[in-house]
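Data block below; observations after.
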Amino acid sequence: MKIAALASLFLAATAHAQVQGTPFGFAAGTTGGGAAKPAAPSSLQELVSWLTDDVPRTILIDREWNFVGTEGTTTGKCCSTKTTTCEGGTSKGQAWIQDKCDDGTWITCKWDNAARKAIDIGSNKSIVGVGDKGVLKGKGLRLTNGNKNVIIQNIHFTQLNPEYVWGGDALTLTDTDQVWVDHNKFSLIGRQHIVSGWKPAGHVTISNNEFDGRTQWSAGCNGKHYWTMLLIGEKDYYTFAGNWVHDVSGRAPHMGTTKTNSENFFHGVNNYFQNIGGHSFDVDANTWMLLEGNVWEGVDTPITDTTLKSGAVIYNVPNTKAGRDCAGSIGQDCEINQLTKSGAFAPRTDADVLKKAALYKASIAPHTPVADIPKNVMANAGVGKI
Ligand SMILES: *[C@@H]1O[C@H](CO)[C@@H](O)[C@H](O)[C@H]1NC(C)=O
């Protein structure tokens with residue numbers, strides 16, 4: 001083959017081998033690996049070393065990296081409860097990898113060790129999937145110890161002991177800041193797709209991801225994953241935009257806690273919550289939440305009753321007037337939300353949300369019309385779409 005032909009092949013293969021777009025909302029300004037030359041690791045060891053060192057890097061994930069079995073397995077005992085045996089349910093449940101079993105019975109179980117211990121990412125990294133090829137199988141990532149400024153884009157996280165609660169978390173944010181989680185997919189995770197706490201997650205934008213809860217092992221006993229997102233860090237500021245959250249049964253997301261002096265501001269905009277056999281928002285105190293331009297379709301419980309009584313501060317734009325009332329605080333109207341074939345959505349227009357939002361005006365991302373959401377989100381969210 002001629003050099004020119006080779007060169008054009010190479011260009012074609014690397015055309016999207018870098019971060020696409022720029023972070024917006026709370027994670028605006030996140031640069032990740034910045035100008036670091038994109039490079040694909042050639043072994044699992046090299047991948048781990050590049051992810052964990054303190055060199056700014058653009059790390060290309062151009063294949064499936066399979067961690068299953070790399071750290072051995074453990075045969076131990078798990079707790080079996082009614083969410084494991086699932087009497088009357090439509091799927092198998094999940095057994096619990098834990099030390100206590102007060103409300104269940106012990107059973108023997110075997111899990112993969114790699115999924116239970118995430119890789120601690122260094123600062124200043126862009127971790128980017130190439131085309132639709134970027135898969136991290138059997139391993140999660142964690143940002144902690146003050147490491148920050150990381151972009152995670154176009155990666156499919158999957159197969160973290162999906163049979164077991166505490167089987168592994170895909171993405172953990174605790175004691176970090178400036179994180180952009182964009183165009184990823186999460187499936188078959190034992191525990192949380194994304195978890196923050198107890199330390200600050202900082203400024204985080206979670207955009208255009210697919211949270212796919214379809215599973216044979218469901219603590220909701222209905223073939224839908226229960227533990228979707230637990231966001232309870234001490235100082236967390238989220239832009240949650242353009243995500244497709246589907247076929248889950250709980251914590252989509254759970255936010256807020258009274259166990260710390262947490263402060264959680266959440267701007268949920270233009271997301272598509274679909275086919276949720278359980279609840280999406282379950283929110284505790286110390287949380288200020290602006291929900292606009294989202295669609296819930298086939299969702300049993302868009303917002304739990306406990307949320308409404310928890311002290312969580314909520315503005316969910318129940319009508320166009322409430323939408324217009326945003327302008328004085330954030331310089332733009334808010335978009336109404338839309339519910340189809342879903343449970344009750346109590347109207348809430350707590351003024352403190354807009355007061356708080358005014359402080360973060362520059363971080364409040366613009367919205368698109370709610371009518372376009374299902375179509376746009378399904379076309380755009382997840383891996384292989386950029
Ligand atoms: C990350 O980048 C920032 C800004 O360039 C720099 O100040 C910091 O030292 C870097 N951190 C590491 C661990 O390289």
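Labels for the structure tokens follow display order: chains A, B, ..., residues from 1 in each chain, ligands from 1.
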
Selection: 6 Å around Gly32 in chain A, only C-alpha atoms, excl. self and same-chain fewer than 2 positions, as a PyMOL selection string: chain A and resi 30+34+124-126+149-151

Ligand 1: which residues are within 7 Å, counting only C-alpha atoms and all ligand atoms? Reply as a list of chain:residue names.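 With only C-alpha atoms and all ligand atoms and a cut-off of 7 Å, ligand 1 is contacted by A:Asp54, A:Val55, A:Pro56, A:Gly122, A:Ser123, A:Asn124.
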
Dump of N, CA and C atoms for the selected residues, as a short mmCIF file (atom, residue, chain, number, x, y, z; two decimals), in the first residue's frame:
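Dumped everything to result_8.cif:
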```
data_model
loop_
_atom_site.label_atom_id
_atom_site.label_comp_id
_atom_site.auth_asym_id
_atom_site.auth_seq_id
_atom_site.Cartn_x
_atom_site.Cartn_y
_atom_site.Cartn_z
N ASP A 54 0.49 10.49 37.19
CA ASP A 54 0.12 11.91 37.27
C ASP A 54 0.59 12.69 36.05
N VAL A 55 0.58 12.03 34.91
CA VAL A 55 0.91 12.68 33.63
C VAL A 55 -0.41 13.02 32.93
N PRO A 56 -0.56 14.26 32.44
CA PRO A 56 -1.77 14.56 31.66
C PRO A 56 -1.81 13.67 30.41
N GLY A 122 -5.74 9.31 37.92
CA GLY A 122 -4.97 10.52 38.21
C GLY A 122 -5.64 11.76 37.65
N SER A 123 -5.08 12.93 37.98
CA SER A 123 -5.62 14.20 37.46
C SER A 123 -5.29 14.38 35.98
N ASN A 124 -6.05 15.23 35.34
CA ASN A 124 -5.75 15.69 33.99
C ASN A 124 -5.72 14.54 32.97
#
```

Please run DSSP on the backbone and report, as JSON, numbers by chain, all residues within range 103-164 of chain A that come out as strand (DSSP E). {"A": [105, 106, 107, 108, 109, 110, 111, 112, 119, 120, 125, 126, 127, 128, 129, 135, 136, 137, 141, 142, 143, 150, 151, 152, 153, 156, 157, 158, 159, 160, 164]}

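Taking CA of Asn271 in chain A and CA of Gln18 in chain A as the two end points, the separation is 25.0 Å.
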
Residue neighbourhood Asp102 in chain A, 12 Å, only C-alpha atoms, exclusion window fewer than 4 positions, as a PDB file with C-alpha atoms, in the first residue's frame:
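around.pdb, written as the output of this step:
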```
ATOM      1  CA  CYS A  78     -23.752 -13.921  50.385  1.00  0.00           C
ATOM      2  CA  CYS A  79     -26.926 -12.874  52.083  1.00  0.00           C
ATOM      3  CA  SER A  80     -30.117 -13.942  50.408  1.00  0.00           C
ATOM      4  CA  THR A  81     -33.158 -11.782  51.191  1.00  0.00           C
ATOM      5  CA  TRP A  96     -25.762  -9.408  48.823  1.00  0.00           C
ATOM      6  CA  GLN A  98     -21.837  -8.398  52.849  1.00  0.00           C
ATOM      7  CA  TRP A 106     -26.565 -17.217  54.011  1.00  0.00           C
TER       8      TRP A 106
END
```

Skip Trp65 in chain A itself and residues of its chain fewer than 6 positions away, then list as a ChimeraX atom specification all residues within 7 Å of it, counting only C-alpha atoms. /A:44,135-137

Can you write just those residues out, N, CA and C atoms, as a CSV table (one decimal), in the first residue's frame?
```
chain,number,residue,atom,x,y,z
A,44,LEU,N,-3.2,-4.3,29.2
A,44,LEU,CA,-4.0,-4.0,30.3
A,44,LEU,C,-3.1,-3.2,31.4
A,135,VAL,N,-14.7,-0.3,25.5
A,135,VAL,CA,-15.4,-1.1,26.6
A,135,VAL,C,-14.5,-1.3,27.7
A,136,LEU,N,-15.0,-1.0,28.9
A,136,LEU,CA,-14.3,-1.4,30.1
A,136,LEU,C,-15.1,-2.5,30.8
A,137,LYS,N,-14.7,-3.7,30.7
A,137,LYS,CA,-15.5,-4.9,31.2
A,137,LYS,C,-14.9,-5.3,32.5
```

For range 185-196 of chain A, please output as a ChimeraX atom specification all residues within 7 Å (counting only C-alpha atoms; exclusion window: fewer than 5 positions along the same chain). /A:155-174,201,209-213,215,227-233,382-383

Export C-alpha atoms of the chosen residues as a short mmCIF file (atom, residue, chain, number, x, y, z; two decimals), in the first residue's frame?
```cif
data_model
loop_
_atom_site.label_atom_id
_atom_site.label_comp_id
_atom_site.auth_asym_id
_atom_site.auth_seq_id
_atom_site.Cartn_x
_atom_site.Cartn_y
_atom_site.Cartn_z
CA ILE A 155 -16.95 4.25 27.07
CA HIS A 156 -19.21 1.29 27.81
CA PHE A 157 -18.87 0.13 31.41
CA THR A 158 -20.24 -3.37 31.83
CA GLN A 159 -20.17 -6.73 33.64
CA LEU A 160 -19.30 -5.78 37.20
CA ASN A 161 -20.68 -8.81 39.04
CA PRO A 162 -24.26 -8.00 38.02
CA GLU A 163 -25.55 -10.91 40.12
CA TYR A 164 -24.53 -9.24 43.35
CA VAL A 165 -25.37 -6.14 45.32
CA TRP A 166 -21.94 -4.72 46.25
CA GLY A 167 -20.59 -6.44 43.14
CA GLY A 168 -18.93 -3.20 42.06
CA ASP A 169 -19.61 0.42 41.11
CA ALA A 170 -18.88 1.66 37.60
CA LEU A 171 -17.93 5.24 38.45
CA THR A 172 -17.13 6.67 41.88
CA LEU A 173 -16.63 10.38 42.61
CA THR A 174 -15.46 11.30 46.11
CA ALA A 201 -17.83 15.20 43.92
CA ASN A 209 -25.09 8.85 28.76
CA GLU A 210 -27.18 5.72 28.49
CA PHE A 211 -28.06 4.04 31.78
CA ASP A 212 -29.34 0.65 30.69
CA GLY A 213 -30.84 -1.26 33.59
CA THR A 215 -30.65 -7.41 33.76
CA TRP A 227 -29.06 0.84 42.11
CA THR A 228 -28.70 3.40 39.34
CA MET A 229 -27.15 6.53 40.87
CA LEU A 230 -26.40 7.51 44.45
CA LEU A 231 -25.29 11.14 44.63
CA ILE A 232 -24.65 12.10 48.24
CA GLY A 233 -21.31 13.90 48.28
CA GLY A 382 -24.61 6.36 24.76
CA VAL A 383 -21.55 5.03 22.94
#
```

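Remark: for Cys86 in chain A, the closest of the candidate residues A:Gly146, A:Pro200, A:Pro23, A:Gly220 is A:Gly220 (distances computed over only C-alpha atoms).
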
For range 66-76 of chain A, work out the shell of residues within 6 Å, counting only C-alpha atoms and skipping chain neighbours fewer than 3 positions away, then give it as a list in words.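 The residues that qualify are Thr108, Cys109, Lys110, Trp111, Asp112, Asn113, Ala114, Lys137 and Gly138 of chain A.
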
Output file for the selection above: N, CA and C atoms, as a PDB file, in the first residue's frame:
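Everything below was put into part-v2.pdb:
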```pdb
ATOM      1  N   THR A 108     -24.022 -19.750  49.482  1.00  0.00           N
ATOM      2  CA  THR A 108     -22.663 -19.720  48.915  1.00  0.00           C
ATOM      3  C   THR A 108     -22.701 -18.950  47.604  1.00  0.00           C
ATOM      4  N   CYS A 109     -21.679 -18.154  47.374  1.00  0.00           N
ATOM      5  CA  CYS A 109     -21.635 -17.430  46.107  1.00  0.00           C
ATOM      6  C   CYS A 109     -20.189 -17.190  45.693  1.00  0.00           C
ATOM      7  N   LYS A 110     -20.014 -16.846  44.450  1.00  0.00           N
ATOM      8  CA  LYS A 110     -18.671 -16.672  43.901  1.00  0.00           C
ATOM      9  C   LYS A 110     -18.670 -15.405  43.056  1.00  0.00           C
ATOM     10  N   TRP A 111     -17.707 -14.515  43.337  1.00  0.00           N
ATOM     11  CA  TRP A 111     -17.681 -13.269  42.578  1.00  0.00           C
ATOM     12  C   TRP A 111     -16.296 -12.990  42.029  1.00  0.00           C
ATOM     13  N   ASP A 112     -16.270 -12.088  41.063  1.00  0.00           N
ATOM     14  CA  ASP A 112     -15.017 -11.678  40.460  1.00  0.00           C
ATOM     15  C   ASP A 112     -14.413 -10.542  41.281  1.00  0.00           C
ATOM     16  N   ASN A 113     -13.114 -10.648  41.609  1.00  0.00           N
ATOM     17  CA  ASN A 113     -12.501  -9.649  42.489  1.00  0.00           C
ATOM     18  C   ASN A 113     -12.273  -8.308  41.798  1.00  0.00           C
ATOM     19  N   ALA A 114     -11.945  -8.320  40.520  1.00  0.00           N
ATOM     20  CA  ALA A 114     -11.553  -7.079  39.829  1.00  0.00           C
ATOM     21  C   ALA A 114     -12.662  -6.019  39.886  1.00  0.00           C
ATOM     22  N   LYS A 137     -14.680  -3.736  30.715  1.00  0.00           N
ATOM     23  CA  LYS A 137     -15.481  -4.863  31.188  1.00  0.00           C
ATOM     24  C   LYS A 137     -14.933  -5.349  32.524  1.00  0.00           C
ATOM     25  N   GLY A 138     -15.819  -5.381  33.531  1.00  0.00           N
ATOM     26  CA  GLY A 138     -15.419  -5.949  34.821  1.00  0.00           C
ATOM     27  C   GLY A 138     -14.584  -5.039  35.685  1.00  0.00           C
TER      28      GLY A 138
END
```

Top pick for closest residue to Tyr226 in chain A, considering A:Gln94, A:Ala327, A:Val283, A:Lys139 and counting only C-alpha atoms: A:Gln94

Within 12 Å of Asn243 in chain A, counting only C-alpha atoms, which residues show up once you throw out same-chain ones fewer than 2 positions away? Write them as a PyMOL selection string, please. chain A and resi 181-186+205-212+239-241+245-246+252-253+268-274+293-296+373-383

Take the residues that were just selected and, keeping N, CA and C atoms, output them as a short mmCIF file (atom, residue, chain, number, x, y, z; two decimals), in the first residue's frame.
```
data_model
loop_
_atom_site.label_atom_id
_atom_site.label_comp_id
_atom_site.auth_asym_id
_atom_site.auth_seq_id
_atom_site.Cartn_x
_atom_site.Cartn_y
_atom_site.Cartn_z
N VAL A 181 -18.60 13.54 32.35
CA VAL A 181 -18.95 12.14 32.03
C VAL A 181 -19.92 12.20 30.87
N ASP A 182 -19.44 11.90 29.68
CA ASP A 182 -20.23 12.21 28.48
C ASP A 182 -20.30 11.03 27.51
N HIS A 183 -21.50 10.77 27.01
CA HIS A 183 -21.68 9.75 25.97
C HIS A 183 -21.18 8.37 26.36
N ASN A 184 -21.33 8.00 27.61
CA ASN A 184 -20.97 6.65 28.03
C ASN A 184 -22.22 5.79 28.12
N LYS A 185 -21.98 4.50 28.28
CA LYS A 185 -23.08 3.58 28.55
C LYS A 185 -22.73 2.75 29.78
N PHE A 186 -23.74 2.51 30.59
CA PHE A 186 -23.57 1.68 31.78
C PHE A 186 -24.57 0.53 31.69
N THR A 205 -20.49 17.33 35.23
CA THR A 205 -21.52 17.28 34.18
C THR A 205 -21.64 15.84 33.69
N ILE A 206 -22.85 15.34 33.79
CA ILE A 206 -23.15 13.97 33.34
C ILE A 206 -24.10 14.15 32.16
N SER A 207 -23.57 13.96 30.95
CA SER A 207 -24.36 14.30 29.76
C SER A 207 -24.39 13.18 28.74
N ASN A 208 -25.52 13.01 28.12
CA ASN A 208 -25.65 12.12 26.95
C ASN A 208 -25.23 10.68 27.22
N ASN A 209 -25.42 10.24 28.45
CA ASN A 209 -25.09 8.85 28.76
C ASN A 209 -26.33 7.98 28.66
N GLU A 210 -26.10 6.70 28.44
CA GLU A 210 -27.18 5.72 28.49
C GLU A 210 -27.01 4.88 29.76
N PHE A 211 -28.03 4.89 30.60
CA PHE A 211 -28.06 4.04 31.78
C PHE A 211 -29.05 2.92 31.47
N ASP A 212 -28.51 1.76 31.15
CA ASP A 212 -29.34 0.65 30.69
C ASP A 212 -29.47 -0.36 31.83
N THR A 239 -24.66 19.02 36.59
CA THR A 239 -25.49 19.21 35.41
C THR A 239 -25.76 17.81 34.89
N PHE A 240 -27.03 17.46 34.81
CA PHE A 240 -27.41 16.13 34.35
C PHE A 240 -28.28 16.35 33.11
N ALA A 241 -27.71 16.14 31.94
CA ALA A 241 -28.36 16.61 30.72
C ALA A 241 -28.32 15.59 29.60
N VAL A 245 -32.16 7.26 30.66
CA VAL A 245 -32.16 6.37 31.82
C VAL A 245 -33.31 5.40 31.63
N HIS A 246 -33.01 4.15 31.34
CA HIS A 246 -34.12 3.27 30.99
C HIS A 246 -34.02 1.87 31.60
N ALA A 252 -32.85 6.55 40.52
CA ALA A 252 -32.53 7.07 39.20
C ALA A 252 -32.86 8.55 39.10
N PRO A 253 -32.12 9.37 39.92
CA PRO A 253 -31.14 8.99 40.95
C PRO A 253 -31.71 9.10 42.36
N GLY A 268 -31.24 19.07 36.37
CA GLY A 268 -31.58 17.95 35.49
C GLY A 268 -32.35 18.49 34.30
N VAL A 269 -31.75 18.43 33.13
CA VAL A 269 -32.35 19.10 31.98
C VAL A 269 -32.32 18.19 30.74
N ASN A 270 -33.47 18.09 30.09
CA ASN A 270 -33.56 17.38 28.80
C ASN A 270 -33.15 15.90 28.87
N ASN A 271 -33.49 15.26 29.96
CA ASN A 271 -33.23 13.82 30.05
C ASN A 271 -34.49 13.03 29.68
N TYR A 272 -34.28 11.79 29.32
CA TYR A 272 -35.38 10.90 28.97
C TYR A 272 -35.35 9.71 29.94
N PHE A 273 -36.34 9.69 30.83
CA PHE A 273 -36.48 8.58 31.78
C PHE A 273 -37.56 7.66 31.23
N GLN A 274 -37.17 6.46 30.90
CA GLN A 274 -38.10 5.61 30.16
C GLN A 274 -38.20 4.22 30.77
N GLY A 293 -37.51 20.43 31.29
CA GLY A 293 -37.39 19.88 29.94
C GLY A 293 -37.09 18.39 29.90
N ASN A 294 -37.48 17.67 30.95
CA ASN A 294 -37.28 16.22 30.97
C ASN A 294 -38.56 15.49 30.57
N VAL A 295 -38.40 14.27 30.10
CA VAL A 295 -39.55 13.43 29.78
C VAL A 295 -39.48 12.15 30.61
N TRP A 296 -40.60 11.85 31.25
CA TRP A 296 -40.76 10.55 31.91
C TRP A 296 -41.82 9.79 31.11
N ILE A 373 -37.36 15.69 23.01
CA ILE A 373 -36.44 14.93 23.86
C ILE A 373 -36.36 13.43 23.57
N PRO A 374 -37.46 12.70 23.57
CA PRO A 374 -37.27 11.26 23.37
C PRO A 374 -36.47 10.95 22.11
N LYS A 375 -36.84 11.59 21.02
CA LYS A 375 -36.18 11.32 19.75
C LYS A 375 -34.70 11.73 19.80
N ASN A 376 -34.44 12.94 20.24
CA ASN A 376 -33.06 13.43 20.28
C ASN A 376 -32.18 12.61 21.21
N VAL A 377 -32.71 12.32 22.39
CA VAL A 377 -31.89 11.61 23.37
C VAL A 377 -31.57 10.20 22.88
N MET A 378 -32.58 9.52 22.33
CA MET A 378 -32.31 8.15 21.86
C MET A 378 -31.33 8.13 20.70
N ALA A 379 -31.32 9.19 19.90
CA ALA A 379 -30.39 9.24 18.78
C ALA A 379 -28.97 9.57 19.24
N ASN A 380 -28.86 10.19 20.39
CA ASN A 380 -27.58 10.81 20.76
C ASN A 380 -26.91 10.20 21.97
N ALA A 381 -27.68 9.60 22.90
CA ALA A 381 -27.09 9.16 24.16
C ALA A 381 -26.40 7.81 24.00
N GLY A 382 -25.32 7.64 24.73
CA GLY A 382 -24.61 6.36 24.76
C GLY A 382 -23.36 6.35 23.89
N VAL A 383 -22.83 5.16 23.66
CA VAL A 383 -21.55 5.03 22.94
C VAL A 383 -21.75 4.90 21.43
#
```

One-decimal distance in Å that lies between CA of Leu308 in chain A and CA of Ala346 in chain A: 8.0 Å

Provide the CA of Phe266 in chain A to CA of Ile330 in chain A distance in Å, to one decimal place.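 These two atoms are separated by 14.3 Å.
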
Across A:Pro366, A:Gly331, A:Pro318, A:Pro302, the smallest distance to Ser249 in chain A, with only C-alpha atoms counted, is shown by A:Pro302
